[in-house]
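Novice: First the structure, which I've put down as structure tokens, then a few questions once you've had a look.
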Amino acid sequence: MRTALLPLLLLIVNLSFAQGKLPSVMVQTLEGKKVDVSTLSNNGKPIIVNFWATWCAPCKKELSAIADKYEDWQKKTGVKLVAVSIDDARTSARVKPYVSGQDWDYEVYLDPNGDLKRALNVNNVPHTFLINGAGEIVYQHNNYEPGDENELYQKVVELSGKK
Amino acid sequence: MHLSTRRGTLAAAACLILGSALGQQQGQLHGNFSTDAQYYNEDADIGAIVPKQRLAYNAWMNLIYTSGAFEAGVRMESYEPALAGYPAGQPYNGSGLGYRYAKYKLSDLEVTAGNFFEQFGQGLVFRSYEERYLGVDNAMDGVRVKYKPFRGVYLKALAGRQRLAFNQGTVYGAGVVRGADAEFNLAELLDSSWTCASNLIIGGSFVSKYQEDRDPLLELPENVAAGAVRVNFTTPRFDLYAEYAYKVNDPNGKNGFIYKPGEAVLVNATYSAKGFGASLGAHSFDNMFYQSDRAAPTPFDLNINFLPPRAKQHTYNLPATLYPYATQPNGEVAAQGEVFYKLRKGSALGGKYGTKLAVNGSVAYALDTTRLGAADDTTRRLGYTSRIFGAGERRYFQDINVEVRKKLSPTWELALTYLNLAYDIDVIQGKPGKPVVYADIVILEGLHNFSDRTSLRFELQHLSTKQDQGNWATALAELTFSPHWFVAAMDQYNYVGNPELEDKGQEALHYPIGSVGYIRGGNRFQVNYGRQRAGIFCVGGVCRQVPAANGLTLSITSTF
């Protein structure tokens with residue numbers, strides 16, 4: 001263990017704590033296409049990356065709450081929401097019909113074995129990241145409580161420079 | 001079995017240094033931390049366990065370093081001792097390095113050395129994954145290569161051993177697992193010459209495990225192969241997925257050392273339109289336990305494959321933790337259908353804000369098998385005969401449930417759920433001789449927003465059954481102050497017709513518990529105090545028995 005810690009310390013000294021970016025990890029679209037997350041873009045506008053699952057009640061509340069306001073958010077700020085489902089083989093087939101049944105307009109991806117979840121160090125869902133126009137992670141939030149979407153939107157507004 | 005070696009640690013460390021030295025771009029270090037700690041009180045009324053060490057905890061910290069094409073990561077783990085009933089499989093003890101890897105990625109090639117997780121298709125022949133809160137972790141330790149020789153073509157090959165337990169470091173299993181997978185995505189492959197909106201993805205995988213045969217009597221296969229083929233046809237509205245897997249004879253402790261091959265088929269179709277979604281699926285599993293140690297002590301250890309249960313994963317406390325279904329890998333035939341529907345705003349039933357409806361039904365039966373007699377030794381060792389989707393008489397599980405969710409006003413939302421369950425507790429929870437549980441569950445959930453930041457959520461749940469532990473009622477209230485605080489209180493009341501309780505001269509039991517939580521950005525702190533009912537805690541397709549406990553728990557998760 002000691003042997004592992006020393007180089008790690010050296011490494012930390014060596015580091016610059018730049019803002020994190022989205023890692024190069026493959027996720028799937030609902031049509032089965034593979035997409036490298038590091039290539040996601042929104043023409044310089046902010047992106048919300050939200051981790052959720054069909055078995056996670058607060059996740060569904062959060063995405064439903066945002067859905068009611070999403071059109072308005074998009075019009076005012078150009079923000080895009082990317083919903084990453086961590087549903088595994090048991091429930092991943094439910095994601096597409098579920099999303100349709102909710103009438104959500106999000107860009108939805110599947111992360112069935114948690115590759116992106118691990119790469120972004122997500123402990124549990126829901127977990128939300130906000131990415132600025134330069135692709136840097138500028139804000140994150142774990143958990144969901146009704147009203148959290150207002151704080152998130154404030155951050156989006158700050159990013160898009162329209163106050 | 002061998003411990004994670006110091007050599008492995010050194011290799012990972014060397015890679016880290018090398019990576020930071022070579023990395024031309026600025027490196028980034030990120031990670032997370034998570035701990036659950038509990039102090040146990042005595043509480044004879046609920047049969048609470050009181051471990052010798054009154055304070056127990058599980059803790060993890062992941063660190064991931066990335067620099068250009070290079071990535072390396074470690075996870076430190078600590079269990080001094082682990083929480084009672086944790087993990088699902090073999091014990092975790094002490095503190096040390098649980099996971100370490102180095103990886104580089106050059107456009108179409110990715111190489112990982114050390115630990116990794118991977119899945120082929122839906123996992124019928126290979127899935128290594130972690131569900132940390134259950135203590136399920138069959139991480140590979142070895143090497144993996146992913147290569148994309150052409151757009152739309154994805155190749156993977158891997159080899160190594162699987163995580164079995166933790167003792168000052170990861171303990172790996174006895175067997176070696178090797179596998180390869182190929183996937184062809186036609187829409188990507190044909191690119192511009194593929195003009196229709198549909199897509200066809202076909203794939204195939206091959207896996208083989210090696211374990212020495214030291215059996216004095218039986219001649220056991222040392223190499224056991226399994227293969228699977230899959231097809232996924234998608235259109236904007238209609239999707240079809242099918243996968244077939246075959247495993248050669250694999251006599252093991254779970255199947256009674258029979259020499260019969262294993263087979264699995266799963267089919268799933270979905271339909272999606274605006275405001276409407278439906279899914280229908282079925283599977284047949286026969287003799288599909290596939291563990292990298294044929295003498296693995298429990299069904300949770302060293303699984304090479306993953307067999308998803310075909311039942312809705314409930315989120316409400318009573319249905320989620322009392323009677324969840326678990327796949328029977330030795331044999332089952334199951335089907336599930338589900339419909340999601342959003343009644344439009346302004347329609348007669350939709351009301352001013354729309355109404356959401358979900359209907360789900362699932363059923364699982366035993367596989368119909370004919371035992372082979374002792375006529376001759378060869379056939380006897382095959383155990384039984386069966387056919388794909390040949391369902392037997394015995395019903396393991398049935399769940400029919402309906403949920404209606406409606407926003408009544410800008411500040412009120414209600415959801416009403418009804419479930420009807422039939423649950424073969426003898427088979428699913430391994431309680432021999434216990435009768436099938438028939439239960440009806442009704443749940444009312446309400447959400448009221450006092451302001452933009454303050455809201456109250458409540459749940460009233462009731463389960464009625466004449467079997468097992470009898471009736472349960474649950475009440476929960478949760479007050480949230482966005483974005484930082486929440487306070488919650490819950491009581492579960494086990495109040496009638498429980499023979500075990502009646503024998504003890506008790507008629508009813510309360511399980512009160514209170515929680516306070518604080519969230520800030522990627523950090524979450526939560527404290528609970530009270531009684532926890534014995535139950536089954538599930539994530540994904542896997543469940544773990546949690547013993548009854550009384551005490552104080554502290555949970556922290558942090559992402560940085």
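Chain labels follow the order of the structure tokens: the first chain is A, the next B, and so on; residue numbering restarts at 1 in every chain, and ligands are counted from 1 in their shown order.
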Within 6 Å of chain B, which residues of chain A come that close, and what is the closest atom pair and distance in Å for each? Count only C-alpha atoms and give it as a tab-separated table.
Specialist:
residue	atom	partner	partner_atom	distance
A:Ala4	CA	B:Ala13	CA	5.4
A:Pro7	CA	B:Ala13	CA	6.0
A:Leu15	CA	B:Gly27	CA	5.8
A:Glu31	CA	B:Thr234	CA	5.8
A:Ala89	CA	B:Gln122	CA	5.3
A:Arg90	CA	B:Pro308	CA	4.7
A:Pro97	CA	B:Gly277	CA	3.9
A:Tyr98	CA	B:Gly277	CA	5.9
A:Ser100	CA	B:Lys274	CA	5.4
A:Gly101	CA	B:Phe276	CA	4.2
A:Gln102	CA	B:Gly275	CA	5.9
A:Asp103	CA	B:Gly275	CA	4.7
A:Asn121	CA	B:Asn32	CA	5.4
A:Gln140	CA	B:Gly521	CA	5.4
A:His141	CA	B:Gly521	CA	4.3
A:Asn142	CA	B:Gly522	CA	5.0
A:Glu145	CA	B:Ser482	CA	5.7
A:Gly147	CA	B:Arg453	CA	4.9
A:Asp148	CA	B:Pro483	CA	5.3
Novice: Could the residues in this selection be written to a file with C-alpha atoms, as a PDB file, in the first residue's frame?
Specialist:
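Writing the result to part35.pdb gives the following:
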ATOM      1  CA  ALA A   4       1.123   2.862  -4.129  1.00  0.00           C
ATOM      2  CA  PRO A   7       3.748   7.866  -6.472  1.00  0.00           C
ATOM      3  CA  LEU A  15      -1.053  18.053 -11.275  1.00  0.00           C
ATOM      4  CA  GLU A  31     -30.986   3.173 -31.432  1.00  0.00           C
ATOM      5  CA  ALA A  89     -29.407  -5.593 -18.638  1.00  0.00           C
ATOM      6  CA  ARG A  90     -32.409  -6.094 -16.380  1.00  0.00           C
ATOM      7  CA  PRO A  97     -40.597   3.008 -23.992  1.00  0.00           C
ATOM      8  CA  TYR A  98     -40.401   4.679 -20.573  1.00  0.00           C
ATOM      9  CA  SER A 100     -41.611   7.899 -24.719  1.00  0.00           C
ATOM     10  CA  GLY A 101     -44.309   7.241 -22.146  1.00  0.00           C
ATOM     11  CA  GLN A 102     -43.127  10.288 -20.199  1.00  0.00           C
ATOM     12  CA  ASP A 103     -43.013  12.390 -23.346  1.00  0.00           C
ATOM     13  CA  ASN A 121     -16.988   9.090 -10.191  1.00  0.00           C
ATOM     14  CA  GLN A 140     -22.388  19.209 -10.029  1.00  0.00           C
ATOM     15  CA  HIS A 141     -25.161  18.141  -7.741  1.00  0.00           C
ATOM     16  CA  ASN A 142     -25.968  14.837  -6.104  1.00  0.00           C
ATOM     17  CA  GLU A 145     -35.112  17.643  -3.894  1.00  0.00           C
ATOM     18  CA  GLY A 147     -36.712  22.973  -6.231  1.00  0.00           C
ATOM     19  CA  ASP A 148     -33.158  21.820  -7.038  1.00  0.00           C
TER      20      ASP A 148
END
Novice: Tell me, as JSON, numbers by chain, which residues lie within 12 Å of Trp472 (chain B), counting only C-alpha atoms; anything in the same chain fewer than 4 positions away does not count.
Specialist: {"B": [317, 318, 319, 322, 439, 440, 441, 442, 443, 460, 461, 462, 463, 464, 465, 466, 467, 468, 491, 492, 493, 494, 495, 496, 497, 498, 508, 509, 510, 511, 533]}
Novice: Restricting it to C-alpha atoms, dump the selection as an mmCIF file, in the first residue's frame.
Specialist:
data_model
loop_
_atom_site.group_PDB
_atom_site.id
_atom_site.type_symbol
_atom_site.label_atom_id
_atom_site.label_comp_id
_atom_site.auth_asym_id
_atom_site.auth_seq_id
_atom_site.Cartn_x
_atom_site.Cartn_y
_atom_site.Cartn_z
ATOM 1 C CA ASN B 317 -40.130 0.224 0.405
ATOM 2 C CA LEU B 318 -42.564 -2.651 1.010
ATOM 3 C CA PRO B 319 -42.631 -4.267 -2.463
ATOM 4 C CA LEU B 322 -40.095 -7.794 1.282
ATOM 5 C CA ALA B 439 -50.016 -10.311 -1.136
ATOM 6 C CA ASP B 440 -51.927 -7.165 -2.098
ATOM 7 C CA ILE B 441 -50.160 -3.845 -1.758
ATOM 8 C CA VAL B 442 -51.665 -0.368 -2.008
ATOM 9 C CA ILE B 443 -49.504 2.750 -1.956
ATOM 10 C CA LEU B 460 -48.697 5.523 2.889
ATOM 11 C CA GLN B 461 -48.174 1.856 2.080
ATOM 12 C CA HIS B 462 -50.149 -1.180 3.066
ATOM 13 C CA LEU B 463 -49.410 -4.838 2.426
ATOM 14 C CA SER B 464 -51.910 -7.522 3.328
ATOM 15 C CA THR B 465 -51.154 -11.239 3.320
ATOM 16 C CA LYS B 466 -52.134 -14.281 5.343
ATOM 17 C CA GLN B 467 -48.706 -15.852 4.866
ATOM 18 C CA ASP B 468 -45.157 -15.197 6.003
ATOM 19 C CA ASP B 491 -42.546 3.919 10.635
ATOM 20 C CA GLN B 492 -43.170 0.375 9.483
ATOM 21 C CA TYR B 493 -45.823 -1.452 11.425
ATOM 22 C CA ASN B 494 -46.098 -5.247 11.334
ATOM 23 C CA TYR B 495 -49.465 -5.712 12.932
ATOM 24 C CA VAL B 496 -51.467 -8.830 12.303
ATOM 25 C CA GLY B 497 -51.436 -12.518 11.530
ATOM 26 C CA ASN B 498 -47.746 -13.102 12.024
ATOM 27 C CA ALA B 508 -47.448 -5.960 16.629
ATOM 28 C CA LEU B 509 -44.090 -4.310 16.090
ATOM 29 C CA HIS B 510 -43.126 -0.807 15.114
ATOM 30 C CA TYR B 511 -39.964 -0.002 13.188
ATOM 31 C CA ARG B 533 -36.432 -4.208 9.411
#
Novice: Report the residues of chain A whose backbone DSSP state falls under strand (DSSP E), written as a VMD selection string.
Specialist: chain A and resid 26 to 29 34 to 36 47 to 52 80 to 85 107 to 110 127 to 131 137 to 142
Novice: Write the residues you've just listed into a file as a PDB file, in the first residue's frame, and include C-alpha atoms for each of them.
Specialist:
ATOM      1  CA  MET A  26     -18.604   5.012 -25.105  1.00  0.00           C
ATOM      2  CA  VAL A  27     -22.320   5.094 -24.357  1.00  0.00           C
ATOM      3  CA  GLN A  28     -25.185   3.891 -26.561  1.00  0.00           C
ATOM      4  CA  THR A  29     -28.042   5.794 -28.096  1.00  0.00           C
ATOM      5  CA  LYS A  34     -22.130   3.986 -29.904  1.00  0.00           C
ATOM      6  CA  VAL A  35     -21.217   7.557 -29.029  1.00  0.00           C
ATOM      7  CA  ASP A  36     -18.015   8.853 -27.445  1.00  0.00           C
ATOM      8  CA  ILE A  47     -25.030  20.945 -21.478  1.00  0.00           C
ATOM      9  CA  ILE A  48     -26.661  19.298 -18.458  1.00  0.00           C
ATOM     10  CA  VAL A  49     -25.574  15.676 -17.967  1.00  0.00           C
ATOM     11  CA  ASN A  50     -27.986  13.874 -15.675  1.00  0.00           C
ATOM     12  CA  PHE A  51     -27.451  10.314 -14.432  1.00  0.00           C
ATOM     13  CA  TRP A  52     -30.702   8.436 -13.749  1.00  0.00           C
ATOM     14  CA  LYS A  80     -29.371  20.803 -23.778  1.00  0.00           C
ATOM     15  CA  LEU A  81     -30.082  18.022 -21.298  1.00  0.00           C
ATOM     16  CA  VAL A  82     -28.364  14.682 -21.776  1.00  0.00           C
ATOM     17  CA  ALA A  83     -29.985  11.959 -19.663  1.00  0.00           C
ATOM     18  CA  VAL A  84     -27.642   9.019 -19.061  1.00  0.00           C
ATOM     19  CA  SER A  85     -29.507   5.936 -17.891  1.00  0.00           C
ATOM     20  CA  GLU A 107     -31.094  13.276 -25.521  1.00  0.00           C
ATOM     21  CA  VAL A 108     -31.001   9.875 -23.805  1.00  0.00           C
ATOM     22  CA  TYR A 109     -28.032   7.505 -23.627  1.00  0.00           C
ATOM     23  CA  LEU A 110     -27.532   4.083 -22.074  1.00  0.00           C
ATOM     24  CA  HIS A 127     -26.294  13.006 -10.075  1.00  0.00           C
ATOM     25  CA  THR A 128     -26.145  16.055 -12.303  1.00  0.00           C
ATOM     26  CA  PHE A 129     -23.207  17.760 -14.012  1.00  0.00           C
ATOM     27  CA  LEU A 130     -23.280  21.087 -15.781  1.00  0.00           C
ATOM     28  CA  ILE A 131     -20.866  21.513 -18.691  1.00  0.00           C
ATOM     29  CA  ILE A 137     -17.565  20.568 -15.838  1.00  0.00           C
ATOM     30  CA  VAL A 138     -18.423  23.685 -13.853  1.00  0.00           C
ATOM     31  CA  TYR A 139     -21.027  22.457 -11.401  1.00  0.00           C
ATOM     32  CA  GLN A 140     -22.388  19.209 -10.029  1.00  0.00           C
ATOM     33  CA  HIS A 141     -25.161  18.141  -7.741  1.00  0.00           C
ATOM     34  CA  ASN A 142     -25.968  14.837  -6.104  1.00  0.00           C
TER      35      ASN A 142
END
Novice: Hey, which of A:Leu63, A:Ala119, A:Val79, A:Ala53 ends up closest to Thr91 (chain A)? Count only C-alpha atoms.
Specialist: A:Ala53
